[in-house]
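> I'm passing along entry-v6.csv; it holds CSV, C-alpha atoms.
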chain,number,residue,atom,x,y,z
A,242,MET,CA,-0.2,-11.4,6.8
A,243,ALA,CA,0.9,-8.7,9.2
A,244,ASN,CA,2.2,-6.5,6.3
A,245,ASN,CA,-1.1,-6.7,4.4
A,246,GLY,CA,-4.5,-5.0,4.7
A,247,TYR,CA,-7.8,-6.9,4.5
A,248,ALA,CA,-11.5,-6.1,4.0
A,249,LEU,CA,-14.1,-8.4,5.6
A,250,ASN,CA,-16.4,-9.9,2.9
A,251,LEU,CA,-19.4,-11.7,4.3
A,252,ILE,CA,-20.4,-14.8,2.3
A,253,PRO,CA,-24.0,-15.9,2.7
A,254,ALA,CA,-24.9,-19.5,3.2
A,255,ASP,CA,-24.8,-21.6,-0.1
A,256,ALA,CA,-23.1,-18.7,-1.9
A,257,GLU,CA,-19.5,-18.6,-3.3
A,258,THR,CA,-19.2,-14.9,-3.8
A,259,SER,CA,-20.7,-11.7,-2.3
A,260,ASP,CA,-20.5,-7.9,-2.5
A,261,SER,CA,-21.2,-7.5,1.2
A,262,TYR,CA,-18.4,-5.8,3.1
A,263,ALA,CA,-17.7,-4.5,6.6
A,264,ILE,CA,-18.0,-0.7,6.9
A,265,THR,CA,-18.3,1.7,9.9
A,266,ALA,CA,-21.2,4.0,10.8
A,267,ASP,CA,-20.5,6.2,13.8
A,268,SER,CA,-17.8,3.6,14.8
A,269,ILE,CA,-20.4,0.7,14.7
A,270,LEU,CA,-19.4,-2.1,12.3
A,271,GLN,CA,-22.0,-2.9,9.7
A,272,ILE,CA,-22.3,-5.2,6.7
A,273,LYS,CA,-23.4,-3.3,3.5
A,274,SER,CA,-23.6,-4.2,-0.2
A,275,GLY,CA,-21.3,-2.2,-2.4
A,276,SER,CA,-17.7,-1.9,-3.6
A,277,VAL,CA,-14.7,-3.2,-1.7
A,278,LYS,CA,-13.3,0.3,-2.0
A,279,GLU,CA,-15.8,1.4,0.5
A,280,ALA,CA,-14.9,-1.2,3.1
A,281,ILE,CA,-12.8,-0.6,6.2
A,282,ILE,CA,-9.3,-2.0,5.9
A,283,PHE,CA,-8.0,-4.0,8.8
A,284,LYS,CA,-4.5,-5.1,9.8
A,285,ILE,CA,-4.4,-8.6,11.4
A,286,VAL,CA,-2.5,-8.7,14.6
A,287,ALA,CA,-1.5,-12.1,16.2
A,288,VAL,CA,-1.7,-11.7,20.0
A,289,ASP,CA,-1.3,-15.3,21.4
A,290,THR,CA,-0.4,-18.8,20.3
A,291,MET,CA,-1.8,-21.8,22.2
A,292,LYS,CA,-0.7,-25.4,21.8
A,293,ILE,CA,-3.8,-27.7,21.7
A,294,GLY,CA,-2.6,-31.1,20.6
A,295,GLY,CA,-0.1,-33.2,18.7
A,296,ALA,CA,2.8,-35.4,19.9
A,297,GLN,CA,4.1,-32.6,22.1
A,298,ALA,CA,6.8,-34.8,23.7
A,299,LEU,CA,8.2,-35.2,20.2
A,300,LYS,CA,7.9,-31.4,19.6
A,301,ASP,CA,5.2,-32.2,17.1
A,302,THR,CA,2.4,-29.8,18.1
A,303,VAL,CA,-0.9,-28.4,16.8
A,304,SER,CA,-1.4,-24.8,17.8
A,305,ILE,CA,-4.1,-22.2,17.3
A,306,VAL,CA,-3.6,-18.4,17.2
A,307,LYS,CA,-5.7,-15.6,18.7
A,308,TYR,CA,-6.0,-12.5,16.5
A,309,GLN,CA,-7.2,-9.0,16.8
A,310,LEU,CA,-8.3,-6.7,14.0
A,311,LYS,CA,-6.8,-3.2,14.0
A,312,SER,CA,-7.9,-0.3,11.7
A,313,GLN,CA,-5.2,0.3,9.1
A,314,PHE,CA,-4.8,4.0,9.8
A,315,SER,CA,-5.1,4.1,13.6
A,316,ASP,CA,-4.6,2.1,16.8
A,317,LYS,CA,-8.3,1.4,17.0
A,318,CYS,CA,-9.3,-2.2,17.2
A,319,ILE,CA,-12.6,-4.2,17.0
A,320,ALA,CA,-14.3,-4.1,20.4
A,321,TYR,CA,-17.8,-5.1,21.7
A,322,ASP,CA,-20.4,-2.5,22.5
A,323,ALA,CA,-22.4,-4.1,25.3
A,324,GLU,CA,-25.1,-1.4,25.2
A,325,LYS,CA,-25.8,-1.7,21.5
A,326,LYS,CA,-24.9,-5.4,21.4
A,327,SER,CA,-22.8,-4.8,18.3
A,328,LEU,CA,-19.2,-4.8,17.3
A,329,LYS,CA,-17.4,-1.4,16.9
A,330,VAL,CA,-14.1,0.1,16.1
A,331,SER,CA,-12.8,1.7,19.3
A,332,ASP,CA,-9.6,2.8,21.0
A,333,PHE,CA,-11.2,3.0,24.5
A,334,ASP,CA,-12.5,-0.5,25.1
A,335,ASP,CA,-10.7,-3.8,25.4
A,336,PRO,CA,-10.2,-5.3,21.9
A,337,VAL,CA,-11.9,-8.6,21.0
A,338,SER,CA,-9.7,-11.6,20.3
A,339,PHE,CA,-10.8,-14.0,17.6
A,340,TYR,CA,-10.0,-17.5,16.3
A,341,PHE,CA,-10.4,-17.7,12.5
A,342,ASN,CA,-11.8,-21.2,11.7
A,343,ILE,CA,-11.6,-22.3,8.1
A,344,ASN,CA,-14.7,-24.1,6.7
A,345,VAL,CA,-14.4,-27.7,5.4
A,346,ASP,CA,-14.2,-26.6,1.7
A,347,GLY,CA,-11.5,-24.0,2.5
A,348,GLY,CA,-11.2,-20.4,1.4
A,349,LYS,CA,-13.5,-18.8,4.0
A,350,TYR,CA,-13.5,-18.4,7.7
A,351,ASN,CA,-15.8,-17.9,10.7
A,352,MET,CA,-14.7,-15.6,13.4
A,353,GLU,CA,-15.1,-17.2,16.9
A,354,ILE,CA,-14.7,-15.1,20.1
A,355,ALA,CA,-11.7,-16.5,21.9
A,356,GLU,CA,-12.2,-15.2,25.4
A,357,GLY,CA,-14.4,-13.1,27.8
A,358,ASP,CA,-18.2,-13.2,28.4
A,359,ASN,CA,-18.9,-13.9,24.7
A,360,LYS,CA,-16.4,-16.7,24.4
A,361,GLY,CA,-17.5,-19.3,21.8
A,362,LYS,CA,-19.9,-17.0,20.0
A,363,PHE,CA,-19.4,-16.1,16.3
A,364,VAL,CA,-19.5,-12.8,14.3
A,365,THR,CA,-22.4,-12.4,12.0
A,366,ALA,CA,-24.6,-9.6,10.7
A,367,ASP,CA,-28.1,-8.6,12.0
A,368,SER,CA,-30.6,-8.8,9.1
A,369,TYR,CA,-32.6,-5.8,10.3
A,370,SER,CA,-29.9,-3.3,11.4
A,371,SER,CA,-27.0,-4.6,9.3
A,372,ASN,CA,-24.9,-4.3,12.5
A,373,MET,CA,-22.2,-6.9,13.1
A,374,VAL,CA,-23.3,-8.9,16.1
A,375,LEU,CA,-22.5,-12.0,18.0
A,376,LEU,CA,-24.6,-15.2,17.8
A,377,GLU,CA,-24.1,-18.9,18.5
A,378,THR,CA,-24.4,-19.7,14.8
A,379,PRO,CA,-21.3,-19.0,12.7
A,380,ALA,CA,-21.2,-16.9,9.5
A,381,TYR,CA,-18.4,-17.1,7.0
A,382,PHE,CA,-16.1,-14.4,5.7
A,383,ASN,CA,-13.5,-14.0,3.0
A,384,PHE,CA,-10.4,-11.9,3.8
A,385,VAL,CA,-10.0,-9.7,0.7
A,386,GLU,CA,-6.4,-8.6,0.5
A,387,MET,CA,-5.9,-4.9,-0.2
A,388,GLU,CA,-2.9,-2.9,-1.1
A,389,ALA,CA,-2.4,-1.3,2.3
A,390,PRO,CA,1.3,-0.6,3.2
A,391,GLU,CA,1.8,1.1,6.6
A,392,TYR,CA,4.9,2.9,5.2
A,393,ALA,CA,5.4,4.2,1.7
A,394,THR,CA,8.3,3.2,-0.6
A,395,PHE,CA,9.9,5.6,-3.0
A,396,GLU,CA,12.9,5.5,-5.3
A,397,SER,CA,15.7,7.8,-4.4
A,398,GLY,CA,15.2,11.2,-6.0
A,399,HIS,CA,14.3,14.8,-5.5
A,400,ARG,CA,11.0,15.3,-3.6
A,401,GLN,CA,8.9,18.2,-2.5
A,402,PHE,CA,7.1,17.9,0.9
A,403,THR,CA,4.0,20.1,1.0
A,404,SER,CA,1.4,20.7,3.8
A,405,GLU,CA,-1.4,23.2,3.5
A,406,VAL,CA,0.2,25.1,0.6
A,407,GLN,CA,3.6,25.7,2.1
A,408,SER,CA,6.6,23.3,1.6
A,409,LEU,CA,9.4,22.0,3.7
A,410,THR,CA,12.8,23.7,3.2
A,411,MET,CA,16.0,24.5,5.1
A,412,ASN,CA,16.4,28.1,6.3
A,413,PRO,CA,19.9,28.9,4.8
A,414,VAL,CA,20.7,31.3,7.7
A,415,THR,CA,19.6,29.2,10.7
A,416,PHE,CA,19.6,25.7,9.2
A,417,PHE,CA,16.2,25.1,10.8
A,418,ALA,CA,13.6,23.1,8.9
A,419,GLU,CA,10.7,25.5,8.1
A,420,MET,CA,7.6,25.7,5.9
A,421,LYS,CA,7.8,28.4,3.2
A,422,SER,CA,6.5,29.4,-0.2
A,423,VAL,CA,8.2,30.4,-3.4
A,424,GLY,CA,8.9,34.1,-3.3
A,425,GLN,CA,8.7,34.4,0.5
A,426,GLY,CA,11.6,36.4,2.0
A,427,ILE,CA,14.5,34.7,3.8
A,428,ASP,CA,14.5,36.3,7.3
A,429,ILE,CA,16.0,39.8,7.0
A,430,LEU,CA,18.0,39.0,3.9
A,431,LYS,CA,17.4,40.8,0.6
A,432,SER,CA,16.5,37.6,-1.1
A,433,ALA,CA,13.6,35.1,-1.3
A,434,TYR,CA,13.0,31.3,-1.5
A,435,GLU,CA,13.1,30.0,-5.0
A,436,LYS,CA,11.8,26.7,-6.5
A,437,ASP,CA,15.1,25.0,-6.0
A,438,ASN,CA,14.9,25.6,-2.2
A,439,PHE,CA,12.1,23.0,-2.0
A,440,SER,CA,13.7,20.3,-4.0
A,441,LEU,CA,15.1,18.0,-1.3
A,442,TRP,CA,17.2,14.9,-2.3
A,443,THR,CA,15.4,12.0,-0.6
A,444,MET,CA,17.7,8.9,-0.5
A,445,LYS,CA,16.7,5.4,0.6
A,446,SER,CA,18.9,4.0,3.4
A,447,ASP,CA,20.5,0.6,3.6
A,448,ALA,CA,18.9,0.4,7.1
A,449,SER,CA,15.5,0.0,5.5
A,450,THR,CA,13.4,-3.1,6.2
A,451,ALA,CA,10.8,-4.8,4.0
A,452,ASP,CA,7.9,-3.3,6.1
A,453,ARG,CA,9.6,0.1,7.0
A,454,PRO,CA,11.7,1.8,4.3
A,455,LEU,CA,13.9,4.5,5.7
A,456,TYR,CA,15.2,7.7,4.0
A,457,PHE,CA,17.6,10.6,4.4
A,458,ILE,CA,16.1,14.0,3.5
A,459,THR,CA,18.8,16.3,2.4
A,460,THR,CA,19.8,19.5,0.8
A,461,ALA,CA,23.1,21.2,0.0
A,462,VAL,CA,24.8,24.7,0.3
A,463,LYS,CA,28.1,26.0,-1.0
A,464,VAL,CA,30.8,26.1,1.7
A,465,SER,CA,34.0,25.4,-0.1
A,466,ASP,CA,36.6,28.2,-0.7
A,467,ILE,CA,37.9,26.8,-4.1
A,468,PRO,CA,36.5,27.9,-7.5
A,469,GLU,CA,35.0,24.5,-8.1
A,470,ALA,CA,32.9,24.8,-5.0
A,471,ALA,CA,31.7,21.4,-3.7
A,472,SER,CA,28.2,21.0,-2.4
A,473,VAL,CA,28.2,20.0,1.3
A,474,ARG,CA,25.1,17.9,2.0
A,475,HIS,CA,22.9,18.8,5.0
A,476,TYR,CA,20.7,16.1,6.6
A,477,MET,CA,17.3,16.8,8.2
A,478,VAL,CA,17.3,15.6,11.8
A,479,SER,CA,15.2,15.8,15.0
A,480,GLY,CA,17.1,18.3,17.0
A,481,ARG,CA,16.5,16.9,20.5
A,482,ASP,CA,18.8,19.5,22.1
A,483,SER,CA,18.0,22.1,24.8
A,484,SER,CA,19.1,24.9,22.4
A,485,LEU,CA,16.7,23.7,19.7
A,486,VAL,CA,13.3,24.3,21.3
A,487,TYR,CA,10.4,26.6,20.4
A,488,GLY,CA,7.7,28.2,22.5
A,489,LYS,CA,6.5,27.7,26.1
A,490,GLU,CA,5.8,24.0,25.3
A,491,ASN,CA,9.4,23.5,24.4
A,492,TYR,CA,8.7,21.9,21.0
A,493,THR,CA,11.8,20.2,19.6
A,494,ARG,CA,12.9,22.0,16.5
A,495,VAL,CA,13.7,20.1,13.3
A,496,ASN,CA,17.0,21.2,11.7
A,497,PHE,CA,19.6,20.3,9.1
A,498,ILE,CA,23.2,19.3,9.9
A,499,ALA,CA,26.3,18.8,7.8
A,500,ASN,CA,27.9,15.4,8.7
A,501,ASP,CA,29.8,13.3,6.1
A,502,THR,CA,29.6,10.2,8.3
A,503,ILE,CA,25.9,10.1,9.0
A,504,GLU,CA,25.1,7.8,6.1
A,505,THR,CA,27.6,5.2,7.3
A,506,MET,CA,26.7,5.1,11.0
A,507,LYS,CA,26.9,1.5,12.1
A,508,ASP,CA,24.1,1.8,14.7
A,509,SER,CA,21.1,2.9,12.6
A,510,ALA,CA,18.9,2.9,15.7
A,511,LYS,CA,20.9,6.0,16.9
A,512,ASN,CA,20.9,7.8,13.6
A,513,PRO,CA,18.9,11.0,13.9
A,514,ALA,CA,18.6,11.5,10.1
A,515,LEU,CA,16.5,8.4,9.2
A,516,TRP,CA,12.8,9.1,8.3
A,517,ALA,CA,9.9,6.8,7.4
A,518,PHE,CA,6.8,8.0,5.5
A,519,LYS,CA,3.7,6.6,7.4
A,520,VAL,CA,0.7,6.4,5.1
A,521,THR,CA,-2.5,8.2,6.3
A,522,GLU,CA,-6.1,7.6,5.5
A,523,SER,CA,-6.2,10.6,3.2
A,524,GLY,CA,-3.4,9.2,1.1
A,525,ASN,CA,-0.8,11.6,2.5
A,526,TYR,CA,2.1,10.9,4.8
A,527,LEU,CA,3.4,11.5,8.3
A,528,LEU,CA,7.2,12.1,8.5
A,529,GLU,CA,8.4,9.8,11.3
A,530,ASN,CA,11.8,10.0,12.8
A,531,GLN,CA,13.3,6.6,13.6
A,532,GLN,CA,15.6,7.7,16.4
A,533,GLU,CA,12.5,9.1,18.2
A,534,VAL,CA,10.7,5.8,17.6
A,535,ASN,CA,13.6,3.7,18.9
A,536,ASN,CA,13.9,5.9,22.0
A,537,GLY,CA,10.2,5.4,22.8
A,538,ASN,CA,9.4,9.1,22.4
A,539,GLU,CA,5.8,10.0,21.6
A,540,GLU,CA,6.8,13.1,19.7
A,541,LYS,CA,8.1,11.2,16.7
A,542,PHE,CA,6.3,13.0,13.8
A,543,ILE,CA,7.0,16.3,12.2
A,544,GLY,CA,4.4,18.9,13.1
A,545,ILE,CA,4.0,22.5,12.1
A,546,ILE,CA,3.9,25.4,14.6
A,547,ASN,CA,3.8,28.9,13.2
A,548,SER,CA,5.6,27.6,10.0
A,549,PHE,CA,8.3,26.0,12.1
A,550,ALA,CA,8.9,22.2,11.7
A,551,VAL,CA,8.8,20.6,15.2
A,552,MET,CA,8.5,17.1,16.6
A,553,SER,CA,4.9,16.3,17.7
A,554,LYS,CA,2.7,13.4,18.8
A,555,THR,CA,0.2,13.7,16.0
A,556,GLY,CA,2.2,15.2,13.2
A,557,ALA,CA,1.2,17.2,10.0
A,558,GLU,CA,0.2,15.4,6.9
A,559,PHE,CA,2.4,16.0,3.9
A,560,SER,CA,1.9,15.3,0.2
A,561,ILE,CA,5.2,14.1,-1.5
A,562,GLU,CA,5.8,15.0,-5.1
A,563,SER,CA,8.7,14.1,-7.4
A,564,VAL,CA,10.4,17.3,-8.7
A,565,ALA,CA,13.4,18.3,-10.8
A,566,GLY,CA,16.7,18.7,-9.0
A,567,PRO,CA,18.1,22.2,-8.4
A,568,VAL,CA,20.0,23.7,-11.3
A,569,ALA,CA,23.6,24.5,-10.4
A,570,ASN,CA,24.7,28.1,-11.0
A,571,GLU,CA,27.8,26.9,-12.7
A,572,SER,CA,25.8,25.2,-15.4
A,573,ILE,CA,24.0,28.3,-16.5
A,574,THR,CA,26.8,30.9,-16.4
A,575,ASP,CA,29.9,31.1,-18.6
A,576,ALA,CA,33.5,30.7,-17.4
A,577,ASN,CA,33.9,34.5,-17.1
A,578,ALA,CA,30.8,35.1,-15.0
A,579,VAL,CA,31.3,36.7,-11.5
A,580,LYS,CA,31.3,34.1,-8.8
A,581,LEU,CA,31.1,34.4,-5.0
A,582,ILE,CA,32.4,31.6,-2.9
A,583,GLY,CA,32.1,31.5,0.9
A,584,GLY,CA,34.9,29.7,2.6
A,585,VAL,CA,36.3,29.1,6.0
A,586,GLY,CA,37.0,32.5,7.5
A,587,LYS,CA,37.2,34.1,4.1
A,588,LEU,CA,35.3,35.2,0.9
A,589,THR,CA,36.5,34.6,-2.6
A,590,ILE,CA,35.3,36.8,-5.5
A,591,LEU,CA,36.1,35.7,-9.1
A,592,ASN,CA,36.0,37.6,-12.4
A,593,ALA,CA,35.2,41.0,-10.9
A,594,GLY,CA,38.4,42.8,-11.7
A,595,GLY,CA,38.0,46.6,-11.9
A,596,LYS,CA,34.5,46.6,-10.4
A,597,ARG,CA,33.5,48.3,-7.2
A,598,ILE,CA,32.5,45.8,-4.5
A,599,SER,CA,30.5,46.5,-1.3
A,600,ILE,CA,30.1,44.0,1.5
A,601,SER,CA,27.4,44.4,4.2
A,602,ASN,CA,26.3,42.3,7.1
A,603,ILE,CA,22.7,41.0,7.5
A,604,LEU,CA,21.7,44.3,9.3
A,605,GLY,CA,22.6,46.2,6.2
A,606,GLN,CA,25.7,47.8,7.7
A,607,THR,CA,28.6,48.3,5.2
A,608,ILE,CA,31.8,46.6,6.5
A,609,ASN,CA,34.0,46.9,3.4
A,610,SER,CA,33.9,48.8,0.0
A,611,PHE,CA,36.7,48.7,-2.6
A,612,VAL,CA,37.6,48.3,-6.3
A,613,ALA,CA,38.7,44.8,-7.1
A,614,SER,CA,42.4,44.8,-8.4
A,615,SER,CA,42.2,41.4,-10.0
A,616,ASP,CA,39.8,38.6,-11.0
A,617,ASN,CA,40.7,36.6,-8.0
A,618,VAL,CA,40.1,38.4,-4.7
A,619,ASN,CA,40.3,36.8,-1.3
A,620,ILE,CA,38.9,38.7,1.7
A,621,GLY,CA,39.2,37.7,5.3
A,622,ALA,CA,35.7,37.6,6.9
A,623,SER,CA,34.0,36.6,10.2
A,624,ARG,CA,31.7,33.7,10.3
A,625,GLY,CA,28.1,34.5,9.2
A,626,VAL,CA,26.0,35.7,6.3
A,627,LEU,CA,27.3,38.5,4.1
A,628,ILE,CA,25.6,40.6,1.5
A,629,VAL,CA,27.9,41.3,-1.5
A,630,SER,CA,27.0,44.0,-4.0
A,631,ILE,CA,29.2,44.1,-7.2
A,632,GLU,CA,29.0,46.9,-9.7
A,633,GLY,CA,26.7,45.8,-12.6
A,634,GLU,CA,25.6,42.6,-10.7
A,635,LYS,CA,22.6,41.7,-8.5
A,636,ALA,CA,23.4,41.7,-4.8
A,637,GLN,CA,24.0,38.2,-3.4
A,638,LYS,CA,24.3,36.6,0.0
A,639,VAL,CA,27.3,34.4,0.9
A,640,ILE,CA,27.7,32.2,4.0
A,641,VAL,CA,31.2,32.3,5.6
A,642,LYS,CA,32.1,29.4,7.8
Rewrite the coordinates I just gave you, this time as C-alpha cells.

Amino acid sequence: MANNGYALNLIPADAETSDSYAITADSILQIKSGSVKEAIIFKIVAVDTMKIGGAQALKDTVSIVKYQLKSQFSDKCIAYDAEKKSLKVSDFDDPVSFYFNINVDGGKYNMEIAEGDNKGKFVTADSYSSNMVLLETPAYFNFVEMEAPEYATFESGHRQFTSEVQSLTMNPVTFFAEMKSVGQGIDILKSAYEKDNFSLWTMKSDASTADRPLYFITTAVKVSDIPEAASVRHYMVSGRDSSLVYGKENYTRVNFIANDTIETMKDSAKNPALWAFKVTESGNYLLENQQEVNNGNEEKFIGIINSFAVMSKTGAEFSIESVAGPVANESITDANAVKLIGGVGKLTILNAGGKRISISNILGQTINSFVASSDNVNIGASRGVLIVSIEGEKAQKVIVK
C-alpha cells in the first residue's frame, strides 16, 4: 500500500457506491460530490503495530496497525483543527493516527482515531458545512487506488530537461551544469549552444529499486587524439566541493565529470551521479541526487540561481521530454572533410593540406598561424580551449586536455 496513492470515497449508509470524495478548501478537508480526479490523493503511512491477542506464547498473534494519511506531493498530513472542529491537511500540527476498521461485508472501512483527546471517535462529514469532522458514530469509506508514483520511471534514452523556457546542458568550457537556450552564446567563445547540446543521455541504473528508479544523466565531448575520436561520457553530479560553490550563500554547483568507473561503483549510496525524478503536483519533476539523500543533506534537489544549476532544498520543477540523439559530425561529412581533434597536449588537423590555419586562445589572441604542409598535422598545445580558423572553413573550438 505504501507505494500507491488513494482517494477517500465516502459511502453513505445503505449505499454501495458514491461519487463523494475528500477534497481540500483552504487546507480544511471536505466531502464533495464530483469526479475522483478532483480528490486529494493520500499516501498511507504505517506508524505503529500493536499486538492485541492470539496465542502469543506460540507466536500466533493478532495485531492492529496505526496509520497516518500524508498528502502525495508534500510532507503534510491529516491533523485536527480544534478551533474549527474539523480535519485539515497541515505540516504544523501533530498528525492524527487512525485505525482502519473493515465493515462486516468487507470492502469499506471506518476511520477510528487511535490516540489523543479524540481517541475512539470516527471520521465522518458534517451535512451542513461538508467539513470532515469527528463523531461517535462511524461513517464508511472506500480507498480508491490512484496511479500516484512518488518517483517517475523512464526507459533509457535521450531526454531534454526544461524549466521556465531554458534547458539543462553542460557548459563545454567549464563543465558546469547550466540552463541555456538554443542560439545562446557559449561564454566568450565565438559559438552558440545548438539543439544537440540539450539532448542528454539518461540511463537507468542497476541500483534502482521498485519504488525509486535511479538514473545517470550524461553527455559526451570529443577528447581523443586519434582520427576515429571516441566520445568520452561525462556524468552530472552534485559537486559538493569547496571549489564548486556560487554566491554568498555558497550554493553547491552541479557539474559534469568524466569517470569510466562511475557506472560500476559497488557502493551506490556513495555514487554522486545517481538521480531520481520526484513527481510534483503539477506533473513535472524534481531532480533529486541520491548521494545527498543518503548523506542526510537537505539540499538534495537541483535548483536554478542566475541560470546556474545548484543544489537546493526546494528545487526547480523540470519537464522531461524524449528527444532525438545528437548527430555525430562524422556521419554528415565525407571522408575528405576537414577534421579537428583535440588530444592530450596536442591538436590534430586532418585534410587541410595547403590551407592557411590560424589558432587563437579564448581571448582572441593569435598563438599560431601557418600553412598546413600535409593532410595530417599534429601541433603541440597547452591545455584549454582553442579557436581554430582554417582557410575556407568555419572557425571551430577545440578542447585540449
> Would you pick out the contacts of Lys436 in chain A at 12 Å or less, using only C-alpha atoms, so that residues sharing its chain but fewer than 6 positions from it are not included, and give the list as a list in words?
Arg400, Gln401, Gln407, Ser408, Leu409, Thr410, Lys421, Ser422, Val423, Gly424, Gln425, Val564, Ala565, Gly566, Pro567 and Val568 of chain A
> Find the residue from A:Gly556, A:Pro336, A:Gly275, A:Pro413 that sits nearest to Asp260 in chain A; use only C-alpha atoms when measuring.
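Answer, going by the shortest atom-to-atom distance: A:Gly275.
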> Quote the spacing between CA of Val345 in chain A and CA of Leu299 in chain A in Å to one decimal place.
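Pair CA of Val345 in chain A / CA of Leu299 in chain A returns 28.0 Å.
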> Would you compute the distance between CA of Glu324 in chain A and CA of Asn250 in chain A? Give it in Å to one decimal.
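Interatomic distance here is 25.4 Å.
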> Which neighbours of range 449-459 of chain A fall inside 6 Å, counting all atoms listed in the file, when residues of the same chain fewer than 6 positions from it are skipped, and could you give them as a PDB file with C-alpha atoms, keeping the file's coordinate frame?

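The new file part.pdb reads:
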ATOM      1  CA  TYR A 392       4.900   2.900   5.200  1.00  0.00           C
ATOM      2  CA  LEU A 441      15.100  18.000  -1.300  1.00  0.00           C
ATOM      3  CA  TRP A 442      17.200  14.900  -2.300  1.00  0.00           C
ATOM      4  CA  THR A 443      15.400  12.000  -0.600  1.00  0.00           C
ATOM      5  CA  HIS A 475      22.900  18.800   5.000  1.00  0.00           C
ATOM      6  CA  TYR A 476      20.700  16.100   6.600  1.00  0.00           C
ATOM      7  CA  MET A 477      17.300  16.800   8.200  1.00  0.00           C
ATOM      8  CA  ALA A 514      18.600  11.500  10.100  1.00  0.00           C
ATOM      9  CA  LEU A 515      16.500   8.400   9.200  1.00  0.00           C
ATOM     10  CA  TRP A 516      12.800   9.100   8.300  1.00  0.00           C
ATOM     11  CA  ALA A 517       9.900   6.800   7.400  1.00  0.00           C
TER      12      ALA A 517
END
> In Å to one decimal, how far is CA of Ser432 in chain A from CA of Ala636 in chain A?
8.8 Å
> May I have the residues within 7 Å of range 528-542 of chain A as a PyMOL selection string, using all atoms listed in the file and disregarding those fewer than 5 positions away in the same chain?
chain A and resi 510-513+515-519+552-556
> Counting all atoms listed in the file, which residue out of A:Lys311, A:Phe497, A:Leu627, A:Ala254 sits closest to Pro379 in chain A?
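Among A:Lys311, A:Phe497, A:Leu627, A:Ala254, it is A:Ala254 that comes nearest to Pro379 in chain A.
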> For Gly594 in chain A, work out the shell of residues within 12 Å, counting all atoms listed in the file and skipping chain neighbours fewer than 2 positions away, then give it as a PyMOL selection string.
chain A and resi 577-580+590-592+596-598+611-618+631-632
> Which one of A:Ala461, A:Ile293, A:Ile427, A:Ile252 sits closest to Lys349 in chain A if you count only C-alpha atoms?
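Nearest to Lys349 in chain A: A:Ile252.
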> Taking all atoms listed in the file into account, name the residue in A:Ala280, A:Val626, A:Val306, A:Ala323 that is nearest to Lys292 in chain A.
A:Val306
> At a cut-off of 9 Å, using all atoms listed in the file, what residues contact range 316-319 of chain A? Leave out same-chain residues fewer than 2 positions from it and give the result as a PyMOL selection string.
chain A and resi 270+283+309-314+321+328-338
> For Tyr247 in chain A, which of A:Val364, A:Ile600, A:Leu375, A:Met387 is the closest residue, counting only C-alpha atoms?
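Looking only at the distances to Tyr247 in chain A, the closest residue turns out to be A:Met387.
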> For each of A:Val478, A:Ile305, A:Ile503, A:Ala389, take the minimum atom-to-atom distance to Thr290 in chain A, counting only C-alpha atoms, then give the residue where this is smallest.
A:Ile305
> Any chance you could tabulate, as CSV, the residues of range 544-596 of chain A at most 12 Å from range 492-496 of chain A with each one's nearest atom pair and distance in Å to one decimal, using only C-alpha atoms, in chain and rising number order?

residue,atom,partner,partner_atom,distance
A:Gly544,CA,A:Val495,CA,9.4
A:Ile545,CA,A:Arg494,CA,9.9
A:Ile546,CA,A:Tyr492,CA,8.7
A:Asn547,CA,A:Tyr492,CA,11.6
A:Ser548,CA,A:Arg494,CA,11.3
A:Phe549,CA,A:Arg494,CA,7.5
A:Ala550,CA,A:Val495,CA,5.5
A:Val551,CA,A:Arg494,CA,4.5
A:Met552,CA,A:Thr493,CA,5.4
A:Ser553,CA,A:Tyr492,CA,7.5
A:Lys554,CA,A:Tyr492,CA,10.6
> Using all atoms listed in the file, find all polymer residues with an atom at most 10 Å away from the point (-23.5, 1.0, -2.1); report them as number ranges by chain.
A: 260-262, 273-277, 279
